[in-house]
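Structure file work39.csv; described as CSV, N, CA and C atoms.
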```csv
chain,number,residue,atom,x,y,z
A,1,MET,N,8.4,2.4,-20.0
A,1,MET,CA,7.7,2.9,-18.8
A,1,MET,C,8.2,4.4,-18.7
A,2,ASN,N,7.2,5.3,-18.5
A,2,ASN,CA,7.5,6.7,-18.4
A,2,ASN,C,7.7,7.1,-17.0
A,3,ARG,N,9.0,7.4,-16.7
A,3,ARG,CA,9.4,7.7,-15.3
A,3,ARG,C,8.6,8.9,-14.8
A,4,GLU,N,8.5,9.9,-15.5
A,4,GLU,CA,7.8,11.1,-15.0
A,4,GLU,C,6.3,10.8,-14.7
A,5,HIS,N,5.7,10.0,-15.5
A,5,HIS,CA,4.3,9.6,-15.2
A,5,HIS,C,4.2,8.8,-13.9
A,6,ILE,N,5.1,7.9,-13.8
A,6,ILE,CA,5.2,7.1,-12.5
A,6,ILE,C,5.4,8.0,-11.3
A,7,LEU,N,6.4,8.9,-11.4
A,7,LEU,CA,6.6,9.8,-10.3
A,7,LEU,C,5.4,10.7,-10.0
A,8,THR,N,4.8,11.2,-11.0
A,8,THR,CA,3.6,12.0,-10.8
A,8,THR,C,2.5,11.2,-10.1
A,9,THR,N,2.3,10.0,-10.6
A,9,THR,CA,1.3,9.1,-9.9
A,9,THR,C,1.6,8.8,-8.5
A,10,LEU,N,2.9,8.4,-8.3
A,10,LEU,CA,3.3,8.0,-6.9
A,10,LEU,C,3.3,9.1,-5.9
A,11,THR,N,3.6,10.3,-6.4
A,11,THR,CA,3.7,11.4,-5.4
A,11,THR,C,2.5,12.4,-5.4
A,12,SER,N,1.4,11.9,-6.0
A,12,SER,CA,0.2,12.7,-6.0
A,12,SER,C,-0.3,13.2,-4.7
A,13,PRO,N,-0.3,14.5,-4.5
A,13,PRO,CA,-0.8,15.1,-3.2
A,13,PRO,C,-2.3,14.8,-3.0
A,14,GLU,N,-3.0,14.6,-4.2
A,14,GLU,CA,-4.4,14.3,-4.1
A,14,GLU,C,-4.7,13.0,-3.5
A,15,LEU,N,-3.7,12.0,-3.6
A,15,LEU,CA,-3.9,10.7,-3.0
A,15,LEU,C,-4.0,10.9,-1.5
A,16,CYS,N,-3.0,11.6,-0.9
A,16,CYS,CA,-3.1,11.8,0.5
A,16,CYS,C,-4.3,12.6,1.0
A,17,ASP,N,-4.8,13.5,0.2
A,17,ASP,CA,-6.0,14.2,0.5
A,17,ASP,C,-7.2,13.2,0.5
A,18,SER,N,-7.3,12.4,-0.6
A,18,SER,CA,-8.4,11.4,-0.6
A,18,SER,C,-8.3,10.4,0.5
A,19,ILE,N,-7.1,10.0,0.9
A,19,ILE,CA,-7.0,9.1,2.0
A,19,ILE,C,-7.4,9.7,3.3
A,20,ALA,N,-7.0,11.0,3.5
A,20,ALA,CA,-7.4,11.7,4.7
A,20,ALA,C,-9.0,11.8,4.8
A,21,THR,N,-9.6,12.1,3.6
A,21,THR,CA,-11.0,12.2,3.6
A,21,THR,C,-11.7,10.9,3.9
A,22,ALA,N,-11.2,9.8,3.3
A,22,ALA,CA,-11.7,8.5,3.5
A,22,ALA,C,-11.6,8.0,4.9
A,23,VAL,N,-10.4,8.1,5.5
A,23,VAL,CA,-10.2,7.6,6.8
A,23,VAL,C,-10.9,8.4,7.9
A,24,ARG,N,-11.0,9.7,7.6
A,24,ARG,CA,-11.7,10.6,8.6
A,24,ARG,C,-13.2,10.2,8.8
A,25,GLU,N,-13.8,9.5,7.9
A,25,GLU,CA,-15.2,9.1,8.0
A,25,GLU,C,-15.4,7.9,8.8
A,26,TRP,N,-14.3,7.2,9.1
A,26,TRP,CA,-14.4,5.9,9.9
A,26,TRP,C,-14.8,6.2,11.3
A,27,PRO,N,-15.8,5.5,11.8
A,27,PRO,CA,-16.2,5.7,13.2
A,27,PRO,C,-15.0,5.6,14.2
A,28,GLY,N,-14.8,6.5,15.0
A,28,GLY,CA,-13.8,6.5,16.0
A,28,GLY,C,-12.5,7.0,15.5
A,29,ALA,N,-12.4,7.5,14.3
A,29,ALA,CA,-11.2,8.1,13.7
A,29,ALA,C,-11.0,9.5,14.4
A,30,THR,N,-9.8,9.6,15.0
A,30,THR,CA,-9.4,10.9,15.6
A,30,THR,C,-8.3,11.5,14.6
A,31,GLN,N,-8.1,12.8,14.8
A,31,GLN,CA,-7.2,13.5,13.9
A,31,GLN,C,-5.8,12.9,14.0
A,32,PRO,N,-5.3,12.6,15.3
A,32,PRO,CA,-3.9,11.9,15.3
A,32,PRO,C,-3.8,10.6,14.5
A,33,ILE,N,-4.9,9.8,14.6
A,33,ILE,CA,-4.9,8.5,13.8
A,33,ILE,C,-4.9,8.8,12.3
A,34,VAL,N,-5.8,9.7,11.9
A,34,VAL,CA,-5.8,10.1,10.5
A,34,VAL,C,-4.5,10.6,10.0
A,35,ASP,N,-3.8,11.5,10.8
A,35,ASP,CA,-2.5,12.0,10.5
A,35,ASP,C,-1.5,10.9,10.4
A,36,ARG,N,-1.5,9.9,11.3
A,36,ARG,CA,-0.6,8.8,11.3
A,36,ARG,C,-0.7,8.0,10.0
A,37,CYS,N,-1.9,7.7,9.6
A,37,CYS,CA,-2.2,6.9,8.4
A,37,CYS,C,-1.7,7.7,7.1
A,38,VAL,N,-2.0,9.0,7.1
A,38,VAL,CA,-1.7,9.8,5.9
A,38,VAL,C,-0.1,9.9,5.9
A,39,ASP,N,0.5,10.1,7.0
A,39,ASP,CA,2.0,10.2,7.1
A,39,ASP,C,2.6,8.9,6.6
A,40,GLN,N,2.0,7.8,7.0
A,40,GLN,CA,2.5,6.5,6.6
A,40,GLN,C,2.5,6.4,5.1
A,41,VAL,N,1.4,6.8,4.4
A,41,VAL,CA,1.3,6.7,3.0
A,41,VAL,C,2.2,7.7,2.3
A,42,ARG,N,2.4,8.9,2.9
A,42,ARG,CA,3.3,9.9,2.4
A,42,ARG,C,4.7,9.3,2.4
A,43,ASP,N,5.1,8.7,3.5
A,43,ASP,CA,6.4,8.1,3.6
A,43,ASP,C,6.6,7.0,2.5
A,44,GLU,N,5.6,6.2,2.3
A,44,GLU,CA,5.7,5.1,1.3
A,44,GLU,C,5.8,5.8,-0.1
A,45,GLN,N,5.1,6.8,-0.4
A,45,GLN,CA,5.2,7.5,-1.7
A,45,GLN,C,6.6,8.0,-1.9
A,46,GLN,N,7.1,8.7,-0.9
A,46,GLN,CA,8.5,9.2,-1.0
A,46,GLN,C,9.5,8.2,-1.2
A,47,THR,N,9.4,7.0,-0.5
A,47,THR,CA,10.3,5.9,-0.6
A,47,THR,C,10.3,5.4,-2.0
A,48,PHE,N,9.1,5.1,-2.5
A,48,PHE,CA,9.0,4.6,-3.9
A,48,PHE,C,9.6,5.6,-4.9
A,49,ALA,N,9.2,6.9,-4.8
A,49,ALA,CA,9.7,7.9,-5.7
A,49,ALA,C,11.2,8.0,-5.7
A,50,ALA,N,11.8,8.0,-4.5
A,50,ALA,CA,13.2,8.1,-4.4
A,50,ALA,C,13.9,7.0,-5.1
A,51,ALA,N,13.4,5.8,-5.0
A,51,ALA,CA,14.0,4.6,-5.7
A,51,ALA,C,13.9,4.8,-7.2
A,52,ILE,N,12.7,5.2,-7.7
A,52,ILE,CA,12.5,5.4,-9.1
A,52,ILE,C,13.4,6.5,-9.7
A,53,ARG,N,13.6,7.6,-8.9
A,53,ARG,CA,14.4,8.7,-9.4
A,53,ARG,C,15.8,8.3,-9.7
A,54,GLU,N,16.3,7.2,-9.0
A,54,GLU,CA,17.7,6.8,-9.1
A,54,GLU,C,17.9,5.9,-10.3
A,55,ILE,N,16.9,5.4,-10.9
A,55,ILE,CA,17.0,4.4,-12.0
A,55,ILE,C,16.7,5.0,-13.4
A,56,ASP,N,17.6,4.6,-14.3
A,56,ASP,CA,17.5,5.1,-15.7
A,56,ASP,C,16.9,4.1,-16.6
A,57,ASP,N,17.0,2.9,-16.3
A,57,ASP,CA,16.5,1.8,-17.2
A,57,ASP,C,15.0,1.5,-17.0
A,58,ASP,N,14.3,1.5,-18.1
A,58,ASP,CA,12.8,1.3,-18.0
A,58,ASP,C,12.5,-0.1,-17.4
A,59,GLY,N,13.3,-1.1,-17.8
A,59,GLY,CA,13.0,-2.5,-17.3
A,59,GLY,C,13.3,-2.5,-15.8
A,60,GLU,N,14.3,-1.9,-15.3
A,60,GLU,CA,14.6,-1.8,-13.9
A,60,GLU,C,13.6,-1.0,-13.1
A,61,ILE,N,13.1,0.0,-13.7
A,61,ILE,CA,12.0,0.8,-13.1
A,61,ILE,C,10.8,-0.1,-12.9
A,62,ALA,N,10.4,-0.9,-13.9
A,62,ALA,CA,9.3,-1.8,-13.7
A,62,ALA,C,9.6,-2.8,-12.6
A,63,THR,N,10.8,-3.3,-12.6
A,63,THR,CA,11.1,-4.4,-11.6
A,63,THR,C,11.0,-3.8,-10.2
A,64,VAL,N,11.7,-2.6,-10.0
A,64,VAL,CA,11.6,-2.0,-8.7
A,64,VAL,C,10.2,-1.6,-8.2
A,65,LEU,N,9.4,-1.1,-9.2
A,65,LEU,CA,8.0,-0.8,-8.9
A,65,LEU,C,7.3,-2.1,-8.4
A,66,ALA,N,7.5,-3.2,-9.1
A,66,ALA,CA,6.9,-4.4,-8.7
A,66,ALA,C,7.4,-4.9,-7.4
A,67,ILE,N,8.6,-4.8,-7.1
A,67,ILE,CA,9.2,-5.3,-5.8
A,67,ILE,C,8.6,-4.4,-4.7
A,68,ASN,N,8.6,-3.1,-4.9
A,68,ASN,CA,8.0,-2.3,-3.8
A,68,ASN,C,6.5,-2.5,-3.7
A,69,TYR,N,5.8,-2.8,-4.7
A,69,TYR,CA,4.4,-3.2,-4.7
A,69,TYR,C,4.2,-4.5,-3.8
A,70,ILE,N,5.1,-5.5,-4.1
A,70,ILE,CA,5.0,-6.8,-3.4
A,70,ILE,C,5.2,-6.5,-1.9
A,71,GLU,N,6.2,-5.7,-1.6
A,71,GLU,CA,6.5,-5.4,-0.2
A,71,GLU,C,5.3,-4.8,0.5
A,72,LEU,N,4.8,-3.7,-0.1
A,72,LEU,CA,3.6,-3.0,0.5
A,72,LEU,C,2.4,-3.9,0.5
A,73,LYS,N,2.1,-4.7,-0.5
A,73,LYS,CA,1.0,-5.6,-0.5
A,73,LYS,C,1.1,-6.7,0.6
A,74,SER,N,2.4,-7.2,0.8
A,74,SER,CA,2.6,-8.1,1.8
A,74,SER,C,2.3,-7.6,3.2
A,75,ARG,N,2.7,-6.3,3.5
A,75,ARG,CA,2.4,-5.7,4.7
A,75,ARG,C,0.9,-5.5,4.9
A,76,TRP,N,0.2,-5.2,3.8
A,76,TRP,CA,-1.2,-5.0,3.8
A,76,TRP,C,-1.9,-6.3,4.1
A,77,ILE,N,-1.5,-7.4,3.5
A,77,ILE,CA,-2.1,-8.7,3.8
A,77,ILE,C,-1.9,-9.1,5.2
A,78,ALA,N,-0.7,-8.9,5.8
A,78,ALA,CA,-0.4,-9.2,7.2
A,78,ALA,C,-1.3,-8.3,8.1
A,79,LEU,N,-1.5,-7.1,7.8
A,79,LEU,CA,-2.3,-6.2,8.6
A,79,LEU,C,-3.8,-6.6,8.5
A,80,ASN,N,-4.3,-7.0,7.4
A,80,ASN,CA,-5.6,-7.5,7.2
A,80,ASN,C,-5.8,-8.8,8.0
A,81,THR,N,-4.8,-9.7,8.0
A,81,THR,CA,-4.9,-10.9,8.8
A,81,THR,C,-5.1,-10.6,10.3
A,82,LYS,N,-4.3,-9.6,10.7
A,82,LYS,CA,-4.4,-9.2,12.1
A,82,LYS,C,-5.8,-8.6,12.4
A,83,ILE,N,-6.3,-7.8,11.5
A,83,ILE,CA,-7.6,-7.2,11.7
A,83,ILE,C,-8.7,-8.3,11.8
A,84,ASN,N,-8.6,-9.3,10.9
A,84,ASN,CA,-9.6,-10.3,10.9
A,84,ASN,C,-9.6,-11.1,12.2
A,85,TYR,N,-8.4,-11.4,12.7
A,85,TYR,CA,-8.3,-12.1,14.0
A,85,TYR,C,-8.8,-11.2,15.1
A,86,GLN,N,-8.5,-10.0,15.1
A,86,GLN,CA,-9.0,-9.0,16.2
A,86,GLN,C,-10.5,-9.1,16.2
A,87,THR,N,-11.1,-9.0,15.0
A,87,THR,CA,-12.5,-8.9,14.8
A,87,THR,C,-13.1,-10.3,15.3
A,88,PHE,N,-12.5,-11.4,14.9
A,88,PHE,CA,-13.0,-12.7,15.3
A,88,PHE,C,-13.0,-12.8,16.8
A,89,ARG,N,-11.9,-12.4,17.4
A,89,ARG,CA,-11.8,-12.6,18.9
A,89,ARG,C,-12.6,-11.7,19.7
A,90,THR,N,-12.7,-10.4,19.3
A,90,THR,CA,-13.3,-9.4,20.2
A,90,THR,C,-14.5,-8.8,19.6
A,91,GLY,N,-14.8,-9.0,18.3
A,91,GLY,CA,-16.0,-8.4,17.7
A,91,GLY,C,-15.6,-7.1,17.0
A,92,GLN,N,-14.4,-6.6,17.2
A,92,GLN,CA,-14.0,-5.4,16.6
A,92,GLN,C,-12.5,-5.4,16.4
A,93,CYS,N,-12.0,-4.4,15.6
A,93,CYS,CA,-10.6,-4.3,15.4
A,93,CYS,C,-10.1,-2.9,15.9
A,94,GLU,N,-8.8,-2.8,16.0
A,94,GLU,CA,-8.2,-1.5,16.4
A,94,GLU,C,-8.5,-0.5,15.3
A,95,THR,N,-9.0,0.7,15.6
A,95,THR,CA,-9.2,1.7,14.7
A,95,THR,C,-8.0,2.0,13.8
A,96,VAL,N,-6.9,2.2,14.5
A,96,VAL,CA,-5.7,2.6,13.7
A,96,VAL,C,-5.3,1.5,12.7
A,97,ASP,N,-5.5,0.2,13.1
A,97,ASP,CA,-5.2,-0.8,12.1
A,97,ASP,C,-6.1,-0.8,10.9
A,98,ALA,N,-7.4,-0.6,11.2
A,98,ALA,CA,-8.4,-0.5,10.1
A,98,ALA,C,-8.1,0.7,9.2
A,99,LEU,N,-7.8,1.8,9.8
A,99,LEU,CA,-7.5,3.0,9.0
A,99,LEU,C,-6.2,2.9,8.2
A,100,CYS,N,-5.2,2.4,8.8
A,100,CYS,CA,-3.9,2.2,8.1
A,100,CYS,C,-4.1,1.2,6.9
A,101,ALA,N,-4.9,0.1,7.1
A,101,ALA,CA,-5.1,-0.8,6.1
A,101,ALA,C,-5.9,-0.2,4.9
A,102,SER,N,-6.8,0.6,5.3
A,102,SER,CA,-7.6,1.4,4.2
A,102,SER,C,-6.7,2.3,3.5
A,103,ALA,N,-5.9,3.1,4.2
A,103,ALA,CA,-5.0,4.0,3.5
A,103,ALA,C,-4.0,3.2,2.6
A,104,THR,N,-3.4,2.1,3.1
A,104,THR,CA,-2.5,1.3,2.3
A,104,THR,C,-3.2,0.8,1.1
A,105,SER,N,-4.4,0.4,1.2
A,105,SER,CA,-5.2,-0.1,0.1
A,105,SER,C,-5.3,0.9,-1.0
A,106,LEU,N,-5.6,2.2,-0.6
A,106,LEU,CA,-5.7,3.2,-1.6
A,106,LEU,C,-4.4,3.5,-2.3
A,107,LEU,N,-3.3,3.4,-1.6
A,107,LEU,CA,-2.0,3.5,-2.2
A,107,LEU,C,-1.7,2.4,-3.2
A,108,LEU,N,-2.0,1.2,-2.8
A,108,LEU,CA,-1.9,0.0,-3.6
A,108,LEU,C,-2.6,0.2,-4.9
A,109,GLN,N,-3.8,0.7,-4.8
A,109,GLN,CA,-4.6,0.9,-6.1
A,109,GLN,C,-3.9,1.9,-7.0
A,110,GLN,N,-3.3,2.9,-6.4
A,110,GLN,CA,-2.6,3.9,-7.2
A,110,GLN,C,-1.4,3.2,-7.9
A,111,ILE,N,-0.7,2.3,-7.2
A,111,ILE,CA,0.5,1.6,-7.8
A,111,ILE,C,0.1,0.6,-8.8
A,112,GLU,N,-1.1,0.0,-8.5
A,112,GLU,CA,-1.6,-1.0,-9.5
A,112,GLU,C,-1.9,-0.4,-10.9
A,113,SER,N,-2.2,0.9,-10.9
A,113,SER,CA,-2.5,1.5,-12.2
A,113,SER,C,-1.2,1.7,-13.0
A,114,LEU,N,0.0,1.4,-12.4
A,114,LEU,CA,1.3,1.6,-13.1
A,114,LEU,C,1.9,0.2,-13.5
A,115,ILE,N,1.3,-0.9,-13.0
A,115,ILE,CA,1.8,-2.2,-13.3
A,115,ILE,C,0.9,-2.9,-14.2
A,116,ASP,N,1.4,-3.7,-15.1
A,116,ASP,CA,0.6,-4.5,-16.1
A,116,ASP,C,-0.3,-5.4,-15.3
A,117,HIS,N,-1.5,-5.5,-15.8
A,117,HIS,CA,-2.6,-6.3,-15.1
A,117,HIS,C,-2.2,-7.8,-14.9
A,118,ALA,N,-1.5,-8.3,-15.9
A,118,ALA,CA,-1.1,-9.7,-15.9
A,118,ALA,C,-0.1,-9.9,-14.8
A,119,ASP,N,0.8,-8.9,-14.6
A,119,ASP,CA,1.8,-9.0,-13.5
A,119,ASP,C,1.1,-8.9,-12.1
A,120,ILE,N,0.1,-8.0,-12.0
A,120,ILE,CA,-0.6,-7.9,-10.8
A,120,ILE,C,-1.3,-9.2,-10.4
A,121,GLU,N,-1.8,-9.9,-11.4
A,121,GLU,CA,-2.5,-11.2,-11.2
A,121,GLU,C,-1.4,-12.2,-10.7
A,122,LYS,N,-0.2,-12.2,-11.3
A,122,LYS,CA,0.8,-13.2,-10.9
A,122,LYS,C,1.3,-12.9,-9.4
A,123,ILE,N,1.4,-11.6,-9.1
A,123,ILE,CA,1.8,-11.2,-7.8
A,123,ILE,C,0.8,-11.6,-6.8
A,124,THR,N,-0.5,-11.3,-7.1
A,124,THR,CA,-1.6,-11.7,-6.2
A,124,THR,C,-1.7,-13.2,-6.0
A,125,ALA,N,-1.5,-13.9,-7.0
A,125,ALA,CA,-1.5,-15.4,-6.9
A,125,ALA,C,-0.4,-15.9,-6.0
A,126,PHE,N,0.8,-15.4,-6.2
A,126,PHE,CA,2.0,-15.7,-5.5
A,126,PHE,C,1.8,-15.4,-4.0
A,127,LEU,N,1.3,-14.2,-3.7
A,127,LEU,CA,1.1,-13.8,-2.3
A,127,LEU,C,-0.1,-14.6,-1.6
A,128,ALA,N,-0.9,-15.2,-2.4
A,128,ALA,CA,-2.1,-15.9,-1.8
A,128,ALA,C,-1.7,-17.4,-1.5
A,129,GLN,N,-0.5,-17.8,-2.0
A,129,GLN,CA,-0.2,-19.2,-1.7
A,129,GLN,C,0.1,-19.5,-0.2
A,130,PRO,N,-0.5,-20.5,0.3
A,130,PRO,CA,-0.2,-20.9,1.7
A,130,PRO,C,1.2,-21.3,1.9
A,131,VAL,N,1.7,-21.0,3.1
A,131,VAL,CA,3.1,-21.4,3.4
A,131,VAL,C,3.0,-22.6,4.3
A,132,SER,N,3.8,-23.6,4.0
A,132,SER,CA,3.8,-24.8,4.8
A,132,SER,C,4.7,-24.6,6.0
A,133,PRO,N,4.2,-24.9,7.2
A,133,PRO,CA,5.0,-24.7,8.4
A,133,PRO,C,6.2,-25.7,8.4
A,134,LYS,N,7.3,-25.3,8.9
A,134,LYS,CA,8.5,-26.2,9.0
A,134,LYS,C,8.2,-27.3,10.0
A,135,ALA,N,8.5,-28.5,9.7
A,135,ALA,CA,8.3,-29.6,10.7
A,135,ALA,C,9.3,-29.6,11.7
```

Take the structure from the file and write it as structure tokens.
Amino acid sequence: MNREHILTTLTSPELCDSIATAVREWPGATQPIVDRCVDQVRDEQQTFAAAIREIDDDGEIATVLAINYIELKSRWIALNTKINYQTFRTGQCETVDALCASATSLLLQQIESLIDHADIEKITAFLAQPVSPKA
């Protein structure tokens, strides 16, 4: 795994620019909401990059990248579940939730380009497994 390539991909300023452009087009998007979503992605980028900068071992870089991906994807799934229930109950969802989910999705796509496709499939299958409620 090439650490510099990963860092360049993770910290791409173009990603935040494309996210800002995408979320700005959403009906009801205001500049403060757009800024909040872009700032959230920028924070995630910086957190991921800081972790990668500390690691010298390629195998550990791959592991940490996957763990951070799982964490972010889990939050994205939870946010989408919330959005789906908002839409079901009221016919619409909160603009900020939709925009943050969209922004997170774009960051996830960027990270997915760094992780082996077979590993992405395993992670996706794991996260899609239903959880049995405790009796």

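Of the listed residues (A:Ile55, A:Leu107, A:Leu99, A:Cys16), A:Cys16 comes nearest to Val38 in chain A; the distances count only C-alpha atoms.
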
Polymer residues at most 8 Å from range 67-69 of chain A, all atoms listed in the file, same-chain spacing of 5 or more positions, as an MDAnalysis selection string:
chainID A and resid 48 61:62 74:75 108 111:112

Skipping near chain neighbours, those fewer than 5 positions away, what residues fall within 12 Å of range 25-32 of chain A using only C-alpha atoms, listed as a PyMOL selection string?
chain A and resi 18-20+37-39+92-100+102-103

Excluding range 124-127 of chain A and any residue of its chain fewer than 6 positions from it, enumerate the residues within 9 Å of it, using only C-alpha atoms, and give them as number ranges by chain.
A: 70, 73-74, 77

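Around Ser113 in chain A, within 10 Å and counting only C-alpha atoms, the residues found are Ile6, Thr9 and Ile120 of chain A, once anything fewer than 6 positions away on its own chain is removed.
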
Identify, with DSSP run on backbone atoms, the residues in range 21-107 of chain A assigned to alpha helix (DSSP H), and express the list as a PyMOL selection string.
chain A and resi 21-24+31-53+58-90+95-107

Nearest to Ala101 in chain A, chosen from A:Leu79, A:Leu65, A:Leu7, A:Ile33, with all atoms listed in the file counted in the distances
A:Leu79

By how many Å are CA of Ala128 in chain A and atom N of Ala50 in chain A apart?
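Interatomic distance here is 27.8 Å.
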
Tell me which of A:Thr11, A:Gln109, A:Thr87, A:Gln129 sits closest to Gln45 in chain A, counting only C-alpha atoms.
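Among the listed residues, A:Thr11 lies closest to Gln45 in chain A.
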
Check the smallest atom-to-atom distance from each of A:Leu15, A:Val41, A:Leu10, A:Ile123 to Thr104 in chain A using all atoms listed in the file, then report the winner.
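Smallest separation from Thr104 in chain A among the options: A:Val41.
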
Please compute the atom N of Asp57 in chain A-atom C of Arg42 in chain A distance, one decimal, in Å.
23.3 Å

At what distance in Å, to one decimal, does atom N of Pro13 in chain A lie from atom N of Asp58 in chain A?
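That distance, rounded to one decimal, is 23.8 Å.
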